[in-house]
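With PDB, C-alpha atoms inside, this is input_31.pdb:
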```pdb
ATOM      1  CA  MET M   1      65.099 156.033 169.817
ATOM      2  CA  ASN M   2      62.316 158.484 170.500
ATOM      3  CA  GLU M   3      59.377 157.220 168.481
ATOM      4  CA  ARG M   4      57.868 160.704 168.266
ATOM      5  CA  SER M   5      60.908 162.044 166.401
ATOM      6  CA  LEU M   6      61.287 159.152 163.976
ATOM      7  CA  GLY M   7      60.835 159.743 160.272
ATOM      8  CA  PRO M   8      58.170 158.289 157.991
ATOM      9  CA  ILE M   9      57.816 154.533 157.634
ATOM     10  CA  SER M  10      58.075 153.064 154.149
ATOM     11  CA  LYS M  11      55.139 150.930 153.088
ATOM     12  CA  ARG M  12      55.547 147.505 151.516
ATOM     13  CA  PRO M  13      53.393 145.875 148.834
ATOM     14  CA  LEU M  14      51.306 143.092 150.390
ATOM     15  CA  GLY M  15      51.945 140.433 147.802
ATOM     16  CA  ARG M  16      49.928 141.075 144.657
ATOM     17  CA  THR M  17      46.881 142.463 146.447
ATOM     18  CA  GLY M  18      47.529 146.065 145.435
ATOM     19  CA  LEU M  19      47.522 146.941 149.140
ATOM     20  CA  GLU M  20      50.502 148.556 150.838
ATOM     21  CA  ILE M  21      51.227 148.219 154.529
ATOM     22  CA  ALA M  22      53.792 149.415 157.026
ATOM     23  CA  PRO M  23      56.156 146.605 158.109
ATOM     24  CA  LEU M  24      54.246 145.897 161.308
ATOM     25  CA  VAL M  25      50.578 144.968 161.816
ATOM     26  CA  PHE M  26      48.556 145.607 164.996
ATOM     27  CA  GLY M  27      47.135 142.369 166.417
ATOM     28  CA  GLY M  28      43.530 142.965 167.439
ATOM     29  CA  ASN M  29      43.193 139.663 169.299
ATOM     30  CA  VAL M  30      43.613 141.542 172.600
ATOM     31  CA  PHE M  31      40.512 143.701 172.061
ATOM     32  CA  GLY M  32      37.635 142.437 174.163
ATOM     33  CA  TRP M  33      40.091 140.290 176.127
ATOM     34  CA  THR M  34      42.902 142.127 177.907
ATOM     35  CA  VAL M  35      42.059 145.506 176.338
ATOM     36  CA  ASP M  36      38.730 147.297 176.782
ATOM     37  CA  GLN M  37      37.225 149.647 174.215
ATOM     38  CA  GLN M  38      38.462 152.928 175.679
ATOM     39  CA  THR M  39      42.030 151.620 175.912
ATOM     40  CA  ALA M  40      41.801 150.149 172.402
ATOM     41  CA  PHE M  41      40.879 153.565 170.994
ATOM     42  CA  THR M  42      43.960 155.084 172.631
ATOM     43  CA  LEU M  43      46.235 152.324 171.353
ATOM     44  CA  LEU M  44      44.923 152.484 167.791
ATOM     45  CA  ASP M  45      45.209 156.271 167.709
ATOM     46  CA  ARG M  46      48.833 156.061 168.798
ATOM     47  CA  PHE M  47      49.544 153.243 166.326
ATOM     48  CA  VAL M  48      48.280 155.295 163.384
ATOM     49  CA  GLU M  49      49.930 158.451 164.666
ATOM     50  CA  GLY M  50      53.216 156.511 164.571
ATOM     51  CA  GLY M  51      52.854 155.845 160.837
ATOM     52  CA  LEU M  52      51.512 152.278 160.934
ATOM     53  CA  ASN M  53      48.389 151.380 158.991
ATOM     54  CA  ALA M  54      47.302 147.720 159.177
ATOM     55  CA  ILE M  55      45.079 145.997 161.755
ATOM     56  CA  ASP M  56      44.524 142.238 161.982
ATOM     57  CA  THR M  57      41.425 140.791 163.635
ATOM     58  CA  ALA M  58      38.967 137.890 163.191
ATOM     59  CA  ASP M  59      35.325 137.090 163.809
ATOM     60  CA  ALA M  60      36.503 134.550 166.410
ATOM     61  CA  TYR M  61      38.247 137.150 168.598
ATOM     62  CA  SER M  62      37.721 136.735 171.485
ATOM     63  CA  THR M  63      35.619 133.580 171.922
ATOM     64  CA  TRP M  64      38.041 132.178 174.527
ATOM     65  CA  VAL M  65      36.971 134.774 177.103
ATOM     66  CA  PRO M  66      34.115 133.544 179.333
ATOM     67  CA  GLY M  67      30.879 135.228 178.277
ATOM     68  CA  ASN M  68      32.127 136.231 174.823
ATOM     69  CA  GLN M  69      30.593 134.906 171.607
ATOM     70  CA  GLY M  70      33.074 136.174 169.051
ATOM     71  CA  GLY M  71      33.153 139.467 167.190
ATOM     72  CA  GLU M  72      34.146 141.498 170.242
ATOM     73  CA  SER M  73      37.388 142.674 168.636
ATOM     74  CA  GLU M  74      35.665 143.607 165.374
ATOM     75  CA  THR M  75      33.012 145.529 167.304
ATOM     76  CA  ILE M  76      35.613 147.630 169.098
ATOM     77  CA  ILE M  77      37.428 148.401 165.839
ATOM     78  CA  GLY M  78      34.112 149.296 164.204
ATOM     79  CA  ASN M  79      33.297 151.705 167.003
ATOM     80  CA  TRP M  80      36.736 153.266 166.547
ATOM     81  CA  PHE M  81      35.959 153.825 162.870
ATOM     82  CA  LYS M  82      32.557 155.277 163.716
ATOM     83  CA  ALA M  83      34.089 157.767 166.159
ATOM     84  CA  SER M  84      36.104 159.241 163.273
ATOM     85  CA  PRO M  85      35.010 157.895 159.864
ATOM     86  CA  ALA M  86      38.002 159.419 158.060
ATOM     87  CA  ARG M  87      40.181 156.780 159.740
ATOM     88  CA  ARG M  88      38.796 153.966 157.623
ATOM     89  CA  GLU M  89      40.486 155.019 154.377
ATOM     90  CA  LYS M  90      43.877 155.140 156.114
ATOM     91  CA  ILE M  91      43.672 151.569 157.412
ATOM     92  CA  VAL M  92      44.327 148.233 155.751
ATOM     93  CA  LEU M  93      41.742 146.125 157.535
ATOM     94  CA  ILE M  94      42.332 142.386 157.842
ATOM     95  CA  THR M  95      39.798 139.960 159.292
ATOM     96  CA  LYS M  96      39.082 136.245 159.085
ATOM     97  CA  VAL M  97      36.367 133.633 158.766
ATOM     98  CA  GLY M  98      36.347 129.888 159.360
ATOM     99  CA  ALA M  99      37.073 129.387 163.044
ATOM    100  CA  GLN M 100      34.227 127.925 165.085
ATOM    101  CA  LEU M 101      31.991 130.456 166.821
ATOM    102  CA  ALA M 102      29.241 127.914 167.492
ATOM    103  CA  GLU M 103      28.294 124.468 166.224
ATOM    104  CA  ASP M 104      26.414 126.061 163.312
ATOM    105  CA  LYS M 105      28.945 128.843 162.762
ATOM    106  CA  LYS M 106      32.194 127.372 161.487
ATOM    107  CA  GLY M 107      34.033 126.362 158.347
ATOM    108  CA  LEU M 108      34.383 127.794 154.861
ATOM    109  CA  SER M 109      31.185 126.828 153.074
ATOM    110  CA  ALA M 110      29.657 129.381 150.724
ATOM    111  CA  LYS M 111      26.754 129.900 153.110
ATOM    112  CA  ARG M 112      29.032 130.404 156.100
ATOM    113  CA  ILE M 113      31.329 132.849 154.308
ATOM    114  CA  ALA M 114      28.418 134.954 153.013
ATOM    115  CA  GLU M 115      26.832 135.160 156.467
ATOM    116  CA  ALA M 116      30.099 135.759 158.298
ATOM    117  CA  ALA M 117      31.162 138.522 155.927
ATOM    118  CA  GLU M 118      27.911 140.414 156.460
ATOM    119  CA  ASN M 119      28.267 140.072 160.229
ATOM    120  CA  SER M 120      31.881 141.239 160.151
ATOM    121  CA  LEU M 121      31.024 144.226 157.956
ATOM    122  CA  ARG M 122      28.236 145.173 160.356
ATOM    123  CA  ARG M 123      30.435 144.910 163.434
ATOM    124  CA  LEU M 124      33.305 146.731 161.739
ATOM    125  CA  GLN M 125      30.918 149.449 160.520
ATOM    126  CA  THR M 126      32.480 149.498 157.072
ATOM    127  CA  ASP M 127      31.439 148.697 153.517
ATOM    128  CA  TYR M 128      34.483 146.621 152.676
ATOM    129  CA  ILE M 129      37.237 144.404 154.075
ATOM    130  CA  ASP M 130      40.672 144.972 152.584
ATOM    131  CA  LEU M 131      41.955 141.449 153.213
ATOM    132  CA  TYR M 132      39.682 138.542 154.142
ATOM    133  CA  LEU M 133      41.427 135.406 155.367
ATOM    134  CA  SER M 134      40.384 131.785 155.675
ATOM    135  CA  HIS M 135      41.248 131.357 159.364
ATOM    136  CA  ARG M 136      42.079 127.677 158.952
ATOM    137  CA  PRO M 137      41.488 124.978 156.322
ATOM    138  CA  ASP M 138      38.079 123.330 156.149
ATOM    139  CA  PRO M 139      38.439 119.709 154.958
ATOM    140  CA  GLU M 140      34.658 119.343 154.707
ATOM    141  CA  THR M 141      34.194 122.047 152.060
ATOM    142  CA  PRO M 142      35.521 121.849 148.489
ATOM    143  CA  VAL M 143      38.167 124.498 147.870
ATOM    144  CA  ASP M 144      36.414 125.791 144.759
ATOM    145  CA  GLU M 145      33.217 126.388 146.755
ATOM    146  CA  THR M 146      35.168 128.540 149.199
ATOM    147  CA  LEU M 147      36.909 130.500 146.445
ATOM    148  CA  ARG M 148      33.632 131.099 144.578
ATOM    149  CA  ALA M 149      32.132 132.523 147.760
ATOM    150  CA  TYR M 150      35.059 134.915 147.977
ATOM    151  CA  GLU M 151      34.669 135.719 144.281
ATOM    152  CA  ASN M 152      31.102 136.867 144.960
ATOM    153  CA  LEU M 153      32.257 139.130 147.780
ATOM    154  CA  ILE M 154      34.996 140.624 145.612
ATOM    155  CA  ARG M 155      32.537 141.206 142.778
ATOM    156  CA  GLN M 156      30.195 142.963 145.195
ATOM    157  CA  GLY M 157      33.010 145.235 146.378
ATOM    158  CA  LYS M 158      32.818 143.891 149.920
ATOM    159  CA  VAL M 159      36.305 142.327 149.873
ATOM    160  CA  LYS M 160      39.424 143.542 148.059
ATOM    161  CA  ALA M 161      41.702 140.508 148.402
ATOM    162  CA  ILE M 162      41.793 137.117 150.092
ATOM    163  CA  GLY M 163      44.362 135.064 151.960
ATOM    164  CA  ALA M 164      44.798 132.065 154.213
ATOM    165  CA  SER M 165      46.003 131.412 157.736
ATOM    166  CA  ASN M 166      47.276 128.133 159.202
ATOM    167  CA  TYR M 167      47.600 126.426 155.797
ATOM    168  CA  ASN M 168      50.500 124.065 155.164
ATOM    169  CA  ALA M 169      52.322 123.874 151.828
ATOM    170  CA  VAL M 170      50.121 121.080 150.443
ATOM    171  CA  GLN M 171      46.895 122.890 151.324
ATOM    172  CA  LEU M 172      48.096 126.230 149.989
ATOM    173  CA  ARG M 173      49.396 124.759 146.748
ATOM    174  CA  GLU M 174      46.099 122.950 146.178
ATOM    175  CA  ALA M 175      44.159 126.172 146.659
ATOM    176  CA  LEU M 176      46.463 128.093 144.303
ATOM    177  CA  THR M 177      46.221 125.364 141.656
ATOM    178  CA  ILE M 178      42.415 125.232 141.794
ATOM    179  CA  ALA M 179      42.195 129.021 141.579
ATOM    180  CA  SER M 180      44.441 129.026 138.516
ATOM    181  CA  LYS M 181      42.659 126.179 136.721
ATOM    182  CA  GLN M 182      39.158 127.498 137.373
ATOM    183  CA  GLY M 183      39.853 131.205 136.992
ATOM    184  CA  LEU M 184      38.936 131.953 140.602
ATOM    185  CA  PRO M 185      40.433 134.513 142.984
ATOM    186  CA  ARG M 186      43.521 133.106 144.654
ATOM    187  CA  TYR M 187      44.937 133.461 148.112
ATOM    188  CA  GLU M 188      47.373 136.367 147.833
ATOM    189  CA  VAL M 189      48.528 136.414 151.465
ATOM    190  CA  LEU M 190      49.546 133.772 153.989
ATOM    191  CA  GLU M 191      49.344 134.281 157.736
ATOM    192  CA  PRO M 192      51.523 131.614 159.402
ATOM    193  CA  GLU M 193      52.897 131.207 162.900
ATOM    194  CA  TYR M 194      56.499 132.348 162.656
ATOM    195  CA  ASN M 195      59.040 133.857 165.011
ATOM    196  CA  LEU M 196      62.652 133.442 166.104
ATOM    197  CA  TYR M 197      61.794 130.329 168.104
ATOM    198  CA  ASP M 198      59.017 128.789 165.980
ATOM    199  CA  ARG M 199      60.655 128.562 162.561
ATOM    200  CA  SER M 200      60.195 125.040 161.246
ATOM    201  CA  GLY M 201      56.479 125.258 160.476
ATOM    202  CA  TYR M 202      57.010 128.027 157.927
ATOM    203  CA  GLU M 203      60.600 127.830 156.740
ATOM    204  CA  GLY M 204      61.156 125.333 153.962
ATOM    205  CA  GLU M 205      58.501 124.268 151.465
ATOM    206  CA  LEU M 206      55.814 126.685 152.658
ATOM    207  CA  ARG M 207      58.119 129.700 152.620
ATOM    208  CA  ASP M 208      59.522 128.713 149.227
ATOM    209  CA  LEU M 209      55.996 128.433 147.817
ATOM    210  CA  CYS M 210      55.108 131.907 149.071
ATOM    211  CA  ILE M 211      58.222 133.381 147.481
ATOM    212  CA  GLU M 212      57.663 131.464 144.227
ATOM    213  CA  GLU M 213      54.026 132.599 143.965
ATOM    214  CA  GLY M 214      54.624 136.171 145.147
ATOM    215  CA  LEU M 215      52.391 135.932 148.210
ATOM    216  CA  GLY M 216      52.463 138.517 150.954
ATOM    217  CA  VAL M 217      53.215 137.068 154.383
ATOM    218  CA  ILE M 218      52.090 138.444 157.742
ATOM    219  CA  THR M 219      53.176 136.396 160.734
ATOM    220  CA  TYR M 220      51.290 135.704 163.958
ATOM    221  CA  TYR M 221      52.723 134.822 167.372
ATOM    222  CA  SER M 222      55.594 137.008 166.191
ATOM    223  CA  LEU M 223      56.879 137.322 169.767
ATOM    224  CA  ALA M 224      56.171 133.701 170.734
ATOM    225  CA  SER M 225      53.338 134.599 173.121
ATOM    226  CA  GLY M 226      55.515 137.287 174.701
ATOM    227  CA  PHE M 227      58.529 135.058 175.372
ATOM    228  CA  LEU M 228      60.740 137.012 172.949
ATOM    229  CA  SER M 229      60.034 140.203 174.885
ATOM    230  CA  GLY M 230      62.356 138.770 177.536
ATOM    231  CA  LYS M 231      59.880 139.056 180.378
ATOM    232  CA  TYR M 232      59.716 135.293 180.935
ATOM    233  CA  ARG M 233      63.164 134.104 181.981
ATOM    234  CA  SER M 234      62.181 131.592 184.642
ATOM    235  CA  HIS M 235      59.114 129.697 185.814
ATOM    236  CA  ASP M 236      58.667 132.347 188.492
ATOM    237  CA  ASP M 237      57.988 134.892 185.714
ATOM    238  CA  LEU M 238      55.094 132.982 184.149
ATOM    239  CA  GLY M 239      52.506 134.684 186.340
ATOM    240  CA  LYS M 240      53.310 138.075 184.837
ATOM    241  CA  SER M 241      50.521 137.839 182.260
ATOM    242  CA  VAL M 242      47.682 135.657 181.003
ATOM    243  CA  ARG M 243      50.033 134.287 178.322
ATOM    244  CA  GLY M 244      52.609 133.080 180.823
ATOM    245  CA  ARG M 245      51.360 129.507 180.796
ATOM    246  CA  VAL M 246      51.874 129.273 177.031
ATOM    247  CA  ALA M 247      55.340 130.824 177.262
ATOM    248  CA  SER M 248      56.495 128.054 179.609
ATOM    249  CA  LYS M 249      57.283 125.781 176.650
ATOM    250  CA  TYR M 250      60.078 128.158 175.609
ATOM    251  CA  LEU M 251      61.951 127.936 178.917
ATOM    252  CA  ASN M 252      64.715 125.623 177.709
ATOM    253  CA  ASP M 253      68.318 125.840 176.535
ATOM    254  CA  ARG M 254      67.364 126.951 173.028
ATOM    255  CA  GLY M 255      64.990 129.579 174.353
ATOM    256  CA  PHE M 256      67.598 130.974 176.724
ATOM    257  CA  ARG M 257      70.153 131.028 173.897
ATOM    258  CA  ILE M 258      67.758 133.094 171.790
ATOM    259  CA  LEU M 259      67.118 135.518 174.656
ATOM    260  CA  SER M 260      70.842 135.970 175.161
ATOM    261  CA  ALA M 261      71.310 136.822 171.478
ATOM    262  CA  LEU M 262      68.350 139.215 171.609
ATOM    263  CA  ASP M 263      69.870 140.925 174.649
ATOM    264  CA  THR M 264      73.126 141.408 172.727
ATOM    265  CA  VAL M 265      71.516 142.757 169.563
ATOM    266  CA  ALA M 266      68.978 144.907 171.389
ATOM    267  CA  GLY M 267      71.671 146.343 173.657
ATOM    268  CA  ALA M 268      73.783 147.360 170.665
ATOM    269  CA  HIS M 269      70.860 149.391 169.299
ATOM    270  CA  GLY M 270      69.497 150.766 172.571
ATOM    271  CA  ALA M 271      66.354 148.759 171.873
ATOM    272  CA  ALA M 272      64.196 146.262 173.746
ATOM    273  CA  PRO M 273      64.465 142.514 173.032
ATOM    274  CA  ALA M 274      60.949 142.510 171.544
ATOM    275  CA  GLU M 275      61.957 145.234 169.106
ATOM    276  CA  ALA M 276      64.981 143.236 167.964
ATOM    277  CA  ALA M 277      62.854 140.094 167.561
ATOM    278  CA  LEU M 278      60.338 141.952 165.400
ATOM    279  CA  ALA M 279      63.106 143.646 163.399
ATOM    280  CA  TRP M 280      64.556 140.200 162.616
ATOM    281  CA  LEU M 281      61.196 139.194 161.145
ATOM    282  CA  ILE M 282      60.856 142.453 159.232
ATOM    283  CA  ALA M 283      64.272 141.808 157.667
ATOM    284  CA  ARG M 284      63.336 138.324 156.399
ATOM    285  CA  GLU M 285      62.941 138.038 152.639
ATOM    286  CA  CYS M 286      59.876 135.902 153.163
ATOM    287  CA  VAL M 287      57.974 138.276 155.502
ATOM    288  CA  THR M 288      55.977 141.377 154.590
ATOM    289  CA  ALA M 289      55.174 142.289 158.185
ATOM    290  CA  PRO M 290      54.854 140.607 161.582
ATOM    291  CA  ILE M 291      51.677 140.977 163.604
ATOM    292  CA  ALA M 292      52.131 142.093 167.203
ATOM    293  CA  SER M 293      49.634 143.198 169.826
ATOM    294  CA  ALA M 294      49.913 145.746 172.617
ATOM    295  CA  THR M 295      47.968 146.417 175.779
ATOM    296  CA  ASN M 296      49.360 149.846 176.696
ATOM    297  CA  VAL M 297      50.765 152.922 174.971
ATOM    298  CA  GLN M 298      54.332 152.069 175.953
ATOM    299  CA  GLN M 299      54.044 148.788 174.064
ATOM    300  CA  VAL M 300      52.615 150.562 171.013
ATOM    301  CA  ASP M 301      55.567 152.945 171.064
ATOM    302  CA  SER M 302      57.840 149.903 171.167
ATOM    303  CA  LEU M 303      56.105 148.512 168.064
ATOM    304  CA  ILE M 304      56.675 151.818 166.290
ATOM    305  CA  ARG M 305      60.370 151.729 167.204
ATOM    306  CA  ALA M 306      60.594 148.137 165.972
ATOM    307  CA  ALA M 307      59.225 149.196 162.584
ATOM    308  CA  HIS M 308      62.105 151.687 162.320
ATOM    309  CA  LEU M 309      64.841 149.391 163.605
ATOM    310  CA  THR M 310      67.287 148.187 160.956
ATOM    311  CA  LEU M 311      69.506 145.277 161.962
ATOM    312  CA  SER M 312      72.943 144.736 160.443
ATOM    313  CA  PRO M 313      73.768 141.498 158.601
ATOM    314  CA  SER M 314      75.836 140.429 161.613
ATOM    315  CA  ASP M 315      72.876 141.105 163.936
ATOM    316  CA  ILE M 316      70.640 138.960 161.756
ATOM    317  CA  ASP M 317      73.218 136.189 161.561
ATOM    318  CA  LEU M 318      73.681 136.188 165.340
ATOM    319  CA  LEU M 319      69.949 135.806 165.919
ATOM    320  CA  SER M 320      69.504 133.238 163.162
ATOM    321  CA  VAL M 321      72.327 131.051 164.454
ATOM    322  CA  ALA M 322      71.124 131.298 168.056
ATOM    323  CA  SER M 323      67.656 130.171 167.011
ATOM    324  CA  GLY M 324      68.790 127.541 164.537
TER     325      GLY M 324
END
```
Entire entry expressed as structure tokens:
Amino acid sequence: MNERSLGPISKRPLGRTGLEIAPLVFGGNVFGWTVDQQTAFTLLDRFVEGGLNAIDTADAYSTWVPGNQGGESETIIGNWFKASPARREKIVLITKVGAQLAEDKKGLSAKRIAEAAENSLRRLQTDYIDLYLSHRPDPETPVDETLRAYENLIRQGKVKAIGASNYNAVQLREALTIASKQGLPRYEVLEPEYNLYDRSGYEGELRDLCIEEGLGVITYYSLASGFLSGKYRSHDDLGKSVRGRVASKYLNDRGFRILSALDTVAGAHGAAPAEAALAWLIARECVTAPIASATNVQQVDSLIRAAHLTLSPSDIDLLSVASG
């Protein structure tokens, strides 16, 4: 497939948020880490040019880089908006709050959410966030306090919809129940870890709850830290990128079985293994769109091709059985 000659990409409703997104989201975790600002601008331009429209980031990206404090990814995206303000209306912008930036900057208290939202809006150089996610549960803050803080932001027009990341079924159901009983905004989107290899954490009760409640679902680690791209096939390959160390846990019989199935499916479509892995996610009933990052234009073009790739039922079955 030549991504420049592909037709338009159909948008999907993101749960009940009223937002519509293409079936693949750009992961902004690489900005300020393995991607500098100039390169990020090029990648985002190509992403949008290819018909995709959603970007996922967080205030905590990229605190893990020595010298960073968090907000580096948001700052780069904000500068991209500033360089051409008309871009903002074309993008569904997703960011998060709740991860620890410092000892006094963490959690989901009303005070923390209000402060973090203002900081994110400033860095992103925008008046509103389309989808604001609780990055992870905060057991020290009552759920209704968190939801009321979001309610204030929605009322002020600073946030359109809210969601949650890293919540299990019990935590998500509690939040949905409290929202319903108290008339508060509810989480309309879940962002779980989910891919061909890592299935058990989402499939089952959590997935069923999302389907039952009509939540949108955007998945992270959609390529299992790059393992499903096929570039890590032995321990000798782990030095190929900064994520190699994480990918080592997939180098086992099940992982190799999945790669073999991806090679078969991808080969039948003239696609790359990563594209087949993302297309499998896109085809799942319980997924609105996977999140995937890119560090060069060639990888962005691969994401665009993945968004166009339609797998047959037999392709999906082959991959599902191999990863079962």
Problem - All residues 8 Å or closer to Ile282 (chain M), all atoms listed in the file, same chain fewer than 4 positions away omitted, as a PyMOL selection string - result: chain M and resi 23-24+278+287-290+307
Exercise for the section: Might you pull out every residue within 12 Å of Ser109 (chain M), with only C-alpha atoms counted and same-chain residues fewer than 2 positions away left off, and present them as a ChimeraX atom specification? Expected result: /M:97-99,104-107,111-116,134,137-150
Exercise for the section: Determine the nearest neighbour of Ser200 (chain M) from the options M:Ser312, M:Ser222, M:Gln125, M:Ser323, counting all atoms listed in the file. Expected result: M:Ser323
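Counting from CA of Glu72 (chain M), the distance to CA of Gly32 (chain M) is 5.3 Å.
Between CA of Phe26 (chain M) and CA of Lys158 (chain M) lies a distance of 21.9 Å.
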Please extract region 261-272 of chain M and write it out with N, CA and C atoms, as a PDB file, in the first residue's frame.
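Resulting contents of selection-v9.pdb:
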```
ATOM      1  N   ALA M 261       2.631 -15.787  13.509  1.00  0.00           N
ATOM      2  CA  ALA M 261       1.296 -15.517  12.961  1.00  0.00           C
ATOM      3  C   ALA M 261       1.237 -14.133  12.326  1.00  0.00           C
ATOM      4  N   LEU M 262       1.887 -13.151  12.968  1.00  0.00           N
ATOM      5  CA  LEU M 262       1.928 -11.804  12.393  1.00  0.00           C
ATOM      6  C   LEU M 262       2.659 -11.802  11.051  1.00  0.00           C
ATOM      7  N   ASP M 263       3.749 -12.558  10.965  1.00  0.00           N
ATOM      8  CA  ASP M 263       4.484 -12.652   9.705  1.00  0.00           C
ATOM      9  C   ASP M 263       3.580 -13.206   8.600  1.00  0.00           C
ATOM     10  N   THR M 264       2.789 -14.217   8.938  1.00  0.00           N
ATOM     11  CA  THR M 264       1.892 -14.832   7.954  1.00  0.00           C
ATOM     12  C   THR M 264       0.825 -13.849   7.487  1.00  0.00           C
ATOM     13  N   VAL M 265       0.163 -13.219   8.438  1.00  0.00           N
ATOM     14  CA  VAL M 265      -0.923 -12.287   8.104  1.00  0.00           C
ATOM     15  C   VAL M 265      -0.376 -11.060   7.373  1.00  0.00           C
ATOM     16  N   ALA M 266       0.705 -10.494   7.901  1.00  0.00           N
ATOM     17  CA  ALA M 266       1.286  -9.317   7.270  1.00  0.00           C
ATOM     18  C   ALA M 266       1.737  -9.631   5.849  1.00  0.00           C
ATOM     19  N   GLY M 267       2.378 -10.793   5.671  1.00  0.00           N
ATOM     20  CA  GLY M 267       2.853 -11.172   4.344  1.00  0.00           C
ATOM     21  C   GLY M 267       1.729 -11.294   3.332  1.00  0.00           C
ATOM     22  N   ALA M 268       0.577 -11.787   3.782  1.00  0.00           N
ATOM     23  CA  ALA M 268      -0.567 -11.948   2.880  1.00  0.00           C
ATOM     24  C   ALA M 268      -1.118 -10.604   2.410  1.00  0.00           C
ATOM     25  N   HIS M 269      -0.860  -9.558   3.177  1.00  0.00           N
ATOM     26  CA  HIS M 269      -1.385  -8.224   2.833  1.00  0.00           C
ATOM     27  C   HIS M 269      -0.288  -7.276   2.330  1.00  0.00           C
ATOM     28  N   GLY M 270       0.937  -7.760   2.224  1.00  0.00           N
ATOM     29  CA  GLY M 270       2.026  -6.868   1.844  1.00  0.00           C
ATOM     30  C   GLY M 270       2.241  -5.789   2.872  1.00  0.00           C
ATOM     31  N   ALA M 271       2.031  -6.139   4.134  1.00  0.00           N
ATOM     32  CA  ALA M 271       2.116  -5.177   5.238  1.00  0.00           C
ATOM     33  C   ALA M 271       3.249  -5.567   6.175  1.00  0.00           C
ATOM     34  N   ALA M 272       3.538  -4.690   7.121  1.00  0.00           N
ATOM     35  CA  ALA M 272       4.531  -4.965   8.158  1.00  0.00           C
ATOM     36  C   ALA M 272       3.842  -5.634   9.345  1.00  0.00           C
TER      37      ALA M 272
END
```
